[in-house]
Structure formats: C-alpha cells, structure tokens
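Engineer: Just input.csv, nothing more (CSV, C-alpha atoms and all ligand atoms):
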chain,number,residue,atom,x,y,z
A,27,MET,CA,111.3,108.3,108.0
A,28,LYS,CA,109.8,110.2,105.1
A,29,ALA,CA,106.4,109.4,103.7
A,30,VAL,CA,103.9,110.5,101.1
A,31,ILE,CA,100.3,110.2,102.0
A,32,LEU,CA,97.7,109.5,99.3
A,33,ILE,CA,94.1,110.6,99.9
A,34,SER,CA,90.8,111.1,98.1
A,35,GLY,CA,88.4,112.7,100.6
A,36,ASN,CA,87.9,114.0,104.0
A,37,GLY,CA,91.3,113.2,105.3
A,38,SER,CA,90.5,112.4,109.0
A,39,ASN,CA,93.1,109.7,108.9
A,40,LEU,CA,95.6,112.1,107.4
A,41,GLN,CA,94.8,114.5,110.2
A,42,SER,CA,95.5,111.9,112.9
A,43,ILE,CA,98.8,111.0,111.2
A,44,ILE,CA,99.7,114.8,111.0
A,45,ASP,CA,98.8,115.2,114.7
A,46,ASN,CA,101.0,112.2,115.7
A,47,ALA,CA,103.8,112.7,113.2
A,48,ASP,CA,106.5,113.9,115.8
A,49,ARG,CA,105.6,111.1,118.2
A,50,ILE,CA,105.9,108.4,115.5
A,51,ASP,CA,109.1,109.8,113.9
A,52,LEU,CA,107.4,110.5,110.6
A,53,GLN,CA,108.1,113.4,108.2
A,54,ILE,CA,105.3,113.9,105.7
A,55,SER,CA,107.0,114.9,102.5
A,56,CYS,CA,103.8,115.6,100.6
A,57,VAL,CA,100.1,114.7,100.3
A,58,ILE,CA,98.7,113.7,96.9
A,59,SER,CA,95.0,113.6,96.0
A,60,ASN,CA,93.3,112.2,93.0
A,61,ASN,CA,90.3,114.5,93.9
A,62,LYS,CA,90.7,118.2,93.7
A,63,ASN,CA,87.9,118.8,96.1
A,64,ALA,CA,89.3,116.5,98.8
A,65,PHE,CA,89.1,118.3,102.2
A,66,GLY,CA,92.3,116.5,103.1
A,67,ILE,CA,94.2,118.9,100.8
A,68,GLU,CA,93.0,121.8,103.0
A,69,ARG,CA,94.1,119.9,106.1
A,70,ALA,CA,97.6,119.4,104.7
A,71,LYS,CA,97.9,123.0,103.6
A,72,SER,CA,96.9,124.1,107.1
A,73,SER,CA,99.9,122.1,108.4
A,74,LYS,CA,102.2,123.6,105.7
A,75,ILE,CA,102.6,120.3,104.0
A,76,LYS,CA,103.2,120.3,100.2
A,77,THR,CA,100.2,119.0,98.2
A,78,PHE,CA,99.6,117.8,94.7
A,79,THR,CA,96.4,117.0,92.9
A,80,ILE,CA,96.4,114.6,90.0
A,81,GLU,CA,93.2,114.7,88.0
A,82,PRO,CA,92.3,111.3,86.5
A,83,GLU,CA,90.3,112.9,83.7
A,84,LEU,CA,93.6,114.2,82.3
A,85,PHE,CA,95.1,110.8,81.7
A,86,ASN,CA,94.0,108.3,79.1
A,87,SER,CA,94.8,105.2,81.1
A,88,LYS,CA,95.2,104.0,84.7
A,89,MET,CA,98.9,103.3,83.9
A,90,ALA,CA,99.5,106.8,82.6
A,91,PHE,CA,98.0,108.2,85.8
A,92,ASP,CA,100.1,105.9,88.0
A,93,GLU,CA,103.3,106.9,86.0
A,94,GLU,CA,102.6,110.5,86.9
A,95,LEU,CA,102.0,109.5,90.5
A,96,ILE,CA,105.4,107.6,90.5
A,97,HIS,CA,107.1,110.6,88.9
A,98,ILE,CA,105.9,112.9,91.7
A,99,ILE,CA,106.6,110.5,94.5
A,100,ASP,CA,110.1,109.7,93.2
A,101,GLN,CA,111.1,113.4,93.5
A,102,HIS,CA,110.7,113.1,97.3
A,103,ASP,CA,113.0,110.3,98.3
A,104,ILE,CA,110.5,108.6,100.5
A,105,ASP,CA,110.6,105.5,102.7
A,106,LEU,CA,106.9,104.8,102.9
A,107,ILE,CA,103.6,105.4,101.1
A,108,ILE,CA,100.5,105.7,103.3
A,109,LEU,CA,97.1,105.2,101.7
A,110,ALA,CA,94.7,107.1,103.9
A,111,GLY,CA,91.2,106.9,102.3
A,112,TYR,CA,92.8,106.7,98.8
A,113,MET,CA,89.9,105.4,96.7
A,114,ARG,CA,91.7,104.4,93.5
A,115,ILE,CA,93.0,100.9,92.7
A,116,LEU,CA,96.7,101.0,92.2
A,117,THR,CA,98.2,99.4,89.0
A,118,PRO,CA,100.6,96.5,89.4
A,119,ILE,CA,103.4,98.7,88.1
A,120,PHE,CA,102.9,101.1,91.0
A,121,VAL,CA,102.7,98.3,93.6
A,122,SER,CA,105.9,96.6,92.2
A,123,HIS,CA,107.8,99.9,92.2
A,124,TYR,CA,107.2,100.4,95.9
A,125,PHE,CA,106.8,96.8,97.0
A,126,GLY,CA,106.9,96.4,100.8
A,127,LYS,CA,106.6,100.2,101.3
A,128,ILE,CA,102.8,100.7,100.9
A,129,LEU,CA,100.4,100.6,103.8
A,130,ASN,CA,96.6,100.8,103.6
A,131,ILE,CA,93.8,101.1,106.1
A,132,HIS,CA,90.5,99.4,105.2
A,133,PRO,CA,87.3,99.8,107.2
A,134,SER,CA,86.4,96.2,107.7
A,135,LEU,CA,87.8,93.1,109.4
A,136,LEU,CA,89.5,91.7,106.3
A,137,PRO,CA,89.1,89.3,104.6
A,138,LYS,CA,85.5,90.2,105.3
A,139,PHE,CA,84.1,93.0,103.1
A,140,PRO,CA,86.8,94.2,100.7
A,141,GLY,CA,85.9,97.0,98.4
A,142,LEU,CA,83.3,99.7,99.0
A,143,ASN,CA,80.3,100.2,101.4
A,144,THR,CA,81.8,98.0,104.1
A,145,HIS,CA,79.7,99.4,106.9
A,146,GLN,CA,76.4,98.7,105.1
A,147,LYS,CA,77.7,95.2,104.1
A,148,ALA,CA,78.4,94.4,107.8
A,149,ILE,CA,74.9,95.5,108.8
A,150,ASP,CA,73.3,93.5,105.9
A,151,ALA,CA,75.3,90.4,106.9
A,152,SER,CA,74.0,90.8,110.6
A,153,GLU,CA,77.6,91.0,111.9
A,154,LYS,CA,77.9,91.4,115.6
A,155,THR,CA,81.5,92.8,115.3
A,156,HIS,CA,83.0,95.0,112.6
A,157,GLY,CA,86.2,97.0,112.5
A,158,VAL,CA,89.3,98.1,110.7
A,159,SER,CA,92.4,96.4,109.2
A,160,VAL,CA,95.8,97.8,108.4
A,161,HIS,CA,97.7,95.8,105.8
A,162,PHE,CA,100.6,95.9,103.4
A,163,VAL,CA,99.5,96.6,99.8
A,164,THR,CA,100.1,93.8,97.3
A,165,LYS,CA,98.7,93.5,93.7
A,166,GLU,CA,95.4,92.0,94.8
A,167,LEU,CA,92.8,94.6,96.1
A,168,ASP,CA,92.5,94.6,99.9
A,169,CYS,CA,94.3,91.3,100.1
A,170,GLY,CA,97.8,92.1,101.3
A,171,PRO,CA,99.1,90.6,104.6
A,172,ILE,CA,97.2,92.0,107.5
A,173,ILE,CA,99.3,93.8,110.1
A,174,SER,CA,96.8,94.9,112.7
A,175,GLN,CA,93.0,94.8,113.3
A,176,GLU,CA,90.7,96.4,115.8
A,177,SER,CA,87.0,95.6,116.3
A,178,VAL,CA,83.9,97.4,117.4
A,179,SER,CA,80.5,95.9,118.3
A,180,VAL,CA,77.6,96.3,115.9
A,181,GLU,CA,74.4,97.3,117.7
A,182,ASN,CA,70.9,96.8,116.3
A,183,SER,CA,70.5,100.5,116.2
A,184,ASP,CA,73.6,101.1,114.1
A,185,THR,CA,73.4,102.6,110.7
A,186,ALA,CA,76.2,102.7,108.1
A,187,GLU,CA,76.9,106.3,109.4
A,188,THR,CA,77.1,105.5,113.1
A,189,LEU,CA,79.2,102.4,112.3
A,190,SER,CA,81.5,104.5,110.1
A,191,ASP,CA,81.9,107.0,113.0
A,192,LYS,CA,82.8,104.2,115.5
A,193,VAL,CA,85.3,102.6,113.1
A,194,LEU,CA,86.9,105.9,112.2
A,195,LYS,CA,87.6,106.6,115.9
A,196,ILE,CA,89.6,103.4,116.1
A,197,GLU,CA,91.2,104.0,112.7
A,198,HIS,CA,92.7,107.2,114.1
A,199,VAL,CA,94.5,105.2,116.8
A,200,ILE,CA,95.5,102.0,115.0
A,201,TYR,CA,97.1,103.7,111.9
A,202,PRO,CA,99.6,105.9,113.8
A,203,LYS,CA,100.5,102.8,115.9
A,204,VAL,CA,101.3,100.7,112.8
A,205,ILE,CA,103.1,103.5,111.0
A,206,HIS,CA,105.3,103.9,114.1
A,207,TRP,CA,106.1,100.2,114.0
A,208,TYR,CA,107.2,100.8,110.4
A,209,THR,CA,109.3,103.9,111.2
A,210,GLN,CA,111.0,102.0,114.0
A,211,GLY,CA,112.0,99.3,111.4
A,212,ARG,CA,110.0,96.7,113.2
A,213,LEU,CA,107.7,95.9,110.3
A,214,THR,CA,108.6,94.1,107.1
A,215,LEU,CA,106.9,92.5,104.2
A,216,ILE,CA,109.1,89.4,103.4
A,217,ASP,CA,107.1,88.0,100.5
A,218,ASN,CA,103.7,88.5,98.9
A,219,LEU,CA,102.0,86.8,101.8
A,220,THR,CA,103.9,87.4,105.0
A,221,ALA,CA,104.3,90.5,107.2
A,222,THR,CA,106.6,90.3,110.2
A,223,LEU,CA,106.8,92.4,113.4
A,224,ASP,CA,110.1,92.2,115.2
A,225,GLY,CA,111.1,89.3,113.0
A,226,LYS,CA,108.0,87.2,113.9
A,227,VAL,CA,105.3,86.4,111.4
A,228,ILE,CA,102.1,88.3,112.2
A,301,LIG,C1,88.4,105.5,106.0
A,301,LIG,O1,87.3,104.8,106.7
A,301,LIG,C2,89.3,104.5,105.4
A,301,LIG,O2,89.5,103.3,106.1
A,301,LIG,C3,88.5,104.2,104.1
A,301,LIG,O3,88.1,105.5,103.7
A,301,LIG,C4,87.8,106.3,104.8
A,301,LIG,C5,88.6,107.6,104.6
A,301,LIG,O4,88.3,108.5,105.6
A,301,LIG,N1,89.4,103.6,103.1
A,301,LIG,C6,89.0,102.7,102.2
A,301,LIG,O5,87.8,102.4,102.1
A,301,LIG,C7,90.0,102.2,101.3
A,301,LIG,N2,89.6,101.0,100.6
A,301,LIG,P1,89.2,109.8,105.8
A,301,LIG,O6,89.3,110.4,104.5
A,301,LIG,O7,88.4,110.6,106.8
A,301,LIG,O8,90.5,109.3,106.4
Could you render the structure from this file as structure tokens?
Structural biologist:
Amino acid sequence: MKAVILISGNGSNLQSIIDNADRIDLQISCVISNNKNAFGIERAKSSKIKTFTIEPELFNSKMAFDEELIHIIDQHDIDLIILAGYMRILTPIFVSHYFGKILNIHPSLLPKFPGLNTHQKAIDASEKTHGVSVHFVTKELDCGPIISQESVSVENSDTAETLSDKVLKIEHVIYPKVIHWYTQGRLTLIDNLTATLDGKVI
C-alpha cells in the first residue's frame, strides 16, 4: 500500500516506519511537513523519499492550508495517511476527504491526556502507568476509535523527558505493527466510533 506521512518535528516515528517499510508492505510516497525546520525532512531525504513543506504563514485560513495539503496528497494516489508527530489540527474537510484512511499516534493512554504536554500531565496526575495510543482519526481531536495501546510504568524519578524517551521506544514498535494490520487489509473504520481488526470490534 502507498502512504503519505505527515510530520512536524524530529521524525523518530517516521524513521521507524521507514526502517520497517519493506517488512510491513508499505511504500512511502512522500513526507509532508508543516515545519520547514523539521528534522524528519532530512530523514526522509536521506532515504530518497520525496518531501514537501507547506508553510502555514502563507495561508490565510486553516481550510486554505488543508486544501493545499489535499492537493498535494491527491497527486500521489495513496491508500493511507500516517500522522507521525504532526502537530496541527486537521480541518473537518480534510478528515472527511480521507475518512477511514488516517492513523494517528498519540503519547498517552487515551482518553487520558489528549492534546499537548501529555508526559507532564501524567506526572502531575500521579499516574502509575502511562503510554501510547494508535487510533483512527475522526473529526474530534484525539478521540477517534483506539486501535492499539501499550503502557509503561511511571517511576517517582521520572521527568517529562525520561517518560517521553520511554514512550517513544514503544511508539517505534506499536506504530509499524498497526500500520501492518492496515496494509494487510485487517483494519477498518466502520463508522465514526468503531474500529475492527479481522472483522471483530476492537
Ligand atoms: C511522538 O511522541 C508522537 O506520539 C507525538 O509527537 C511525538 C513526535 O515524535 N504526537 C503527538 O503528540 C500528536 N498529538 P517524533 O517526531 O520523534 O516521531
């Protein structure tokens, strides 16, 4: 299957997907960033993957930005859109256009801690476990049906940085696994609320 990967920053998840692409039957058609300084762009270029940067400042609305995003993506005949540290909220138009084809990875055990600064929020809430969720994207931020989650323990000595490192390690394993389910045709979003794996509700 062909995918486009959207990023905003370091791109360590992008790197893990690139490293696993053959094994998980994924062809990465291009990588798109909303941040021209994203290190992930360099990672993609090093692997000879086509890249695009769309600078938000050049658009006068979120919708105009997403229309440009759609325009680029639709030139690539893709099956899947992978959000890998993409830190922009997608407009409803974008989500409807690719409904059931957008995956996101989020660094918390959703529905706990949607949004930003999830590791600090977990520490502040004295959580004993924290983790990562992969979900289908629907119009509500970080609320689409959860496909898979993995947890890590939170130690008293953990800081937001150490927790982020622990969670990233498991992100790099769980995301290729879920993407593989998708490329094998095992994963479906059947309505706004329900994800299925092998025909069974997750
Ligand atoms: C990852 O922890 C990812 O889960 C998170 O951003 C980080 C990106 O790291 N995504 C979100 O917070 C989306 N709401 P990376 O650029 O090294 O892959």
Engineer: Given the point (96.6, 113.0, 96.4) in the file's coordinates, find the residues that have an atom at most 10 Å from it, counting all atoms listed in the file, and give them as JSON, numbers by chain.
Structural biologist: {"A": [30, 31, 32, 33, 34, 35, 56, 57, 58, 59, 60, 61, 62, 64, 66, 67, 77, 78, 79, 80, 81, 95, 109, 110, 112]}
Engineer: How would the residues just picked look written out with C-alpha atoms as a compact mmCIF listing (two decimals), in the frame of the given file?
Structural biologist:
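What follows is the written file selection05.txt:
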# COMPACT_ATOMS: atom_id res chain seq x y z
CA VAL A 30 103.90 110.50 101.10
CA ILE A 31 100.30 110.20 102.00
CA LEU A 32 97.70 109.50 99.30
CA ILE A 33 94.10 110.60 99.90
CA SER A 34 90.80 111.10 98.10
CA GLY A 35 88.40 112.70 100.60
CA CYS A 56 103.80 115.60 100.60
CA VAL A 57 100.10 114.70 100.30
CA ILE A 58 98.70 113.70 96.90
CA SER A 59 95.00 113.60 96.00
CA ASN A 60 93.30 112.20 93.00
CA ASN A 61 90.30 114.50 93.90
CA LYS A 62 90.70 118.20 93.70
CA ALA A 64 89.30 116.50 98.80
CA GLY A 66 92.30 116.50 103.10
CA ILE A 67 94.20 118.90 100.80
CA THR A 77 100.20 119.00 98.20
CA PHE A 78 99.60 117.80 94.70
CA THR A 79 96.40 117.00 92.90
CA ILE A 80 96.40 114.60 90.00
CA GLU A 81 93.20 114.70 88.00
CA LEU A 95 102.00 109.50 90.50
CA LEU A 109 97.10 105.20 101.70
CA ALA A 110 94.70 107.10 103.90
CA TYR A 112 92.80 106.70 98.80
Engineer: Could you report the residues within 9 Å of ligand LIG 301 (chain A), using all atoms listed in the file, as a PyMOL selection string?
Structural biologist: chain A and resi 33-42+64-66+109-115+130-134+140-144+158-160+167-168+190-191+193-194+197-198
Engineer: Using all atoms listed in the file, which of the listed residues (A:Ile107, A:Lys138, A:Glu176, A:Ser183) sits closest to A:Tyr124?
Structural biologist: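 Ranked by minimum distance to A:Tyr124, first place goes to A:Ile107.
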Engineer: Mind pulling up the distance from atom CA of A:Lys165 to atom CA of A:Phe91?
Structural biologist: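 Separation of atom CA of A:Phe91 and atom CA of A:Lys165: 16.7 Å.
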Engineer: Quote the spacing between atom CA of A:Leu84 and atom CA of A:Ser72 in Å to one decimal place.
Structural biologist: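 So the answer is 26.9 Å.
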Engineer: Using only C-alpha atoms, which residue out of A:Ile54, A:Leu136, A:Ile205, A:Ala29 lies closest to A:Cys169?
Structural biologist: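 Closest candidate: A:Leu136.
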Engineer: Compile the contact shell of A:Met27 as a ChimeraX atom specification: residues with an atom at most 10 Å away, counting only C-alpha atoms, same-chain residues fewer than 2 positions apart removed.
Structural biologist: /A:29,50-55,104-106,205-206,208-211
Engineer: Determine, counting all atoms listed in the file, which protein, DNA and RNA residues have an atom within 12 Å of an atom of A:Thr222; residues of the same chain fewer than 3 positions away are not included. Present the result as a PyMOL selection string.
Structural biologist: chain A and resi 126+161-162+171-174+204+207-208+211-219+225-228
Engineer: From the options A:Ile196, A:Ile43, A:Met89, A:Ala148, which residue's atoms come nearest to A:Asp184, counting all atoms listed in the file?
Structural biologist: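 Using all atoms listed in the file, A:Asp184 sits closest to A:Ala148.
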Engineer: What does the structure give for the distance between atom CA of A:Lys147 and atom CA of A:Gly170, in Å to one decimal?
Structural biologist: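 A separation of 20.5 Å between them.
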Engineer: Kindly output stretch 106-117 of chain A as an mmCIF file, in the frame of the given file, after building all heavy atoms.
Structural biologist:
data_model
loop_
_atom_site.group_PDB
_atom_site.id
_atom_site.type_symbol
_atom_site.label_atom_id
_atom_site.label_comp_id
_atom_site.auth_asym_id
_atom_site.auth_seq_id
_atom_site.Cartn_x
_atom_site.Cartn_y
_atom_site.Cartn_z
ATOM 1 N N LEU A 106 108.182 105.459 102.661
ATOM 2 C CA LEU A 106 106.900 104.800 102.900
ATOM 3 C C LEU A 106 105.775 105.578 102.194
ATOM 4 O O LEU A 106 105.805 106.810 102.092
ATOM 5 C CB LEU A 106 106.643 104.928 104.461
ATOM 6 C CG LEU A 106 105.311 104.469 105.017
ATOM 7 C CD1 LEU A 106 105.094 102.983 104.763
ATOM 8 C CD2 LEU A 106 105.255 104.736 106.524
ATOM 9 N N ILE A 107 104.819 104.791 101.694
ATOM 10 C CA ILE A 107 103.600 105.400 101.100
ATOM 11 C C ILE A 107 102.426 104.959 101.921
ATOM 12 O O ILE A 107 102.205 103.766 102.169
ATOM 13 C CB ILE A 107 103.447 104.866 99.630
ATOM 14 C CG1 ILE A 107 104.620 105.381 98.790
ATOM 15 C CG2 ILE A 107 102.112 105.324 99.036
ATOM 16 C CD1 ILE A 107 104.680 104.808 97.403
ATOM 17 N N ILE A 108 101.676 105.952 102.371
ATOM 18 C CA ILE A 108 100.500 105.700 103.300
ATOM 19 C C ILE A 108 99.253 106.009 102.514
ATOM 20 O O ILE A 108 99.031 107.156 102.105
ATOM 21 C CB ILE A 108 100.651 106.576 104.527
ATOM 22 C CG1 ILE A 108 101.937 106.258 105.299
ATOM 23 C CG2 ILE A 108 99.427 106.396 105.414
ATOM 24 C CD1 ILE A 108 102.273 107.270 106.388
ATOM 25 N N LEU A 109 98.426 104.990 102.315
ATOM 26 C CA LEU A 109 97.100 105.200 101.700
ATOM 27 C C LEU A 109 96.140 105.528 102.830
ATOM 28 O O LEU A 109 95.950 104.711 103.739
ATOM 29 C CB LEU A 109 96.647 103.974 100.931
ATOM 30 C CG LEU A 109 97.627 103.359 99.926
ATOM 31 C CD1 LEU A 109 96.948 102.211 99.171
ATOM 32 C CD2 LEU A 109 98.149 104.388 98.941
ATOM 33 N N ALA A 110 95.551 106.710 102.784
ATOM 34 C CA ALA A 110 94.700 107.100 103.900
ATOM 35 C C ALA A 110 93.335 107.586 103.249
ATOM 36 O O ALA A 110 93.115 108.768 102.988
ATOM 37 C CB ALA A 110 95.308 108.273 104.671
ATOM 38 N N GLY A 111 92.495 106.582 102.959
ATOM 39 C CA GLY A 111 91.200 106.900 102.300
ATOM 40 C C GLY A 111 91.488 107.198 100.810
ATOM 41 O O GLY A 111 90.793 108.031 100.223
ATOM 42 N N TYR A 112 92.461 106.510 100.209
ATOM 43 C CA TYR A 112 92.800 106.700 98.800
ATOM 44 C C TYR A 112 91.874 105.693 98.022
ATOM 45 O O TYR A 112 92.049 104.480 98.154
ATOM 46 C CB TYR A 112 94.234 106.418 98.515
ATOM 47 C CG TYR A 112 94.648 106.669 97.083
ATOM 48 C CD1 TYR A 112 94.596 107.955 96.544
ATOM 49 C CD2 TYR A 112 95.117 105.635 96.272
ATOM 50 C CE1 TYR A 112 94.991 108.195 95.239
ATOM 51 C CE2 TYR A 112 95.525 105.870 94.976
ATOM 52 C CZ TYR A 112 95.453 107.149 94.460
ATOM 53 O OH TYR A 112 95.850 107.378 93.157
ATOM 54 N N MET A 113 90.916 106.210 97.241
ATOM 55 C CA MET A 113 89.900 105.400 96.700
ATOM 56 C C MET A 113 90.102 105.006 95.238
ATOM 57 O O MET A 113 89.173 104.918 94.447
ATOM 58 C CB MET A 113 88.501 106.062 96.883
ATOM 59 C CG MET A 113 88.196 106.456 98.314
ATOM 60 S SD MET A 113 88.358 105.107 99.513
ATOM 61 C CE MET A 113 86.788 104.317 99.259
ATOM 62 N N ARG A 114 91.356 104.785 94.891
ATOM 63 C CA ARG A 114 91.700 104.400 93.500
ATOM 64 C C ARG A 114 92.491 103.096 93.598
ATOM 65 O O ARG A 114 93.345 102.944 94.474
ATOM 66 C CB ARG A 114 92.564 105.455 92.890
ATOM 67 C CG ARG A 114 92.088 105.982 91.590
ATOM 68 C CD ARG A 114 93.065 106.993 91.050
ATOM 69 N NE ARG A 114 93.631 106.537 89.797
ATOM 70 C CZ ARG A 114 93.046 106.653 88.632
ATOM 71 N NH1 ARG A 114 91.878 107.217 88.522
ATOM 72 N NH2 ARG A 114 93.635 106.199 87.539
ATOM 73 N N ILE A 115 92.209 102.194 92.671
ATOM 74 C CA ILE A 115 93.000 100.900 92.700
ATOM 75 C C ILE A 115 94.320 101.201 92.024
ATOM 76 O O ILE A 115 94.417 101.811 90.952
ATOM 77 C CB ILE A 115 92.173 99.863 91.883
ATOM 78 C CG1 ILE A 115 90.864 99.563 92.625
ATOM 79 C CG2 ILE A 115 93.008 98.595 91.718
ATOM 80 C CD1 ILE A 115 89.923 98.633 91.899
ATOM 81 N N LEU A 116 95.365 100.755 92.704
ATOM 82 C CA LEU A 116 96.700 101.000 92.200
ATOM 83 C C LEU A 116 97.049 99.942 91.128
ATOM 84 O O LEU A 116 96.661 98.774 91.227
ATOM 85 C CB LEU A 116 97.728 100.844 93.355
ATOM 86 C CG LEU A 116 97.591 101.893 94.457
ATOM 87 C CD1 LEU A 116 98.360 101.465 95.704
ATOM 88 C CD2 LEU A 116 98.053 103.260 93.971
ATOM 89 N N THR A 117 97.796 100.368 90.106
ATOM 90 C CA THR A 117 98.200 99.400 89.000
ATOM 91 C C THR A 117 99.326 98.532 89.562
ATOM 92 O O THR A 117 100.084 98.920 90.464
ATOM 93 C CB THR A 117 98.688 100.174 87.805
ATOM 94 O OG1 THR A 117 99.772 101.013 88.201
ATOM 95 C CG2 THR A 117 97.588 101.006 87.164
#
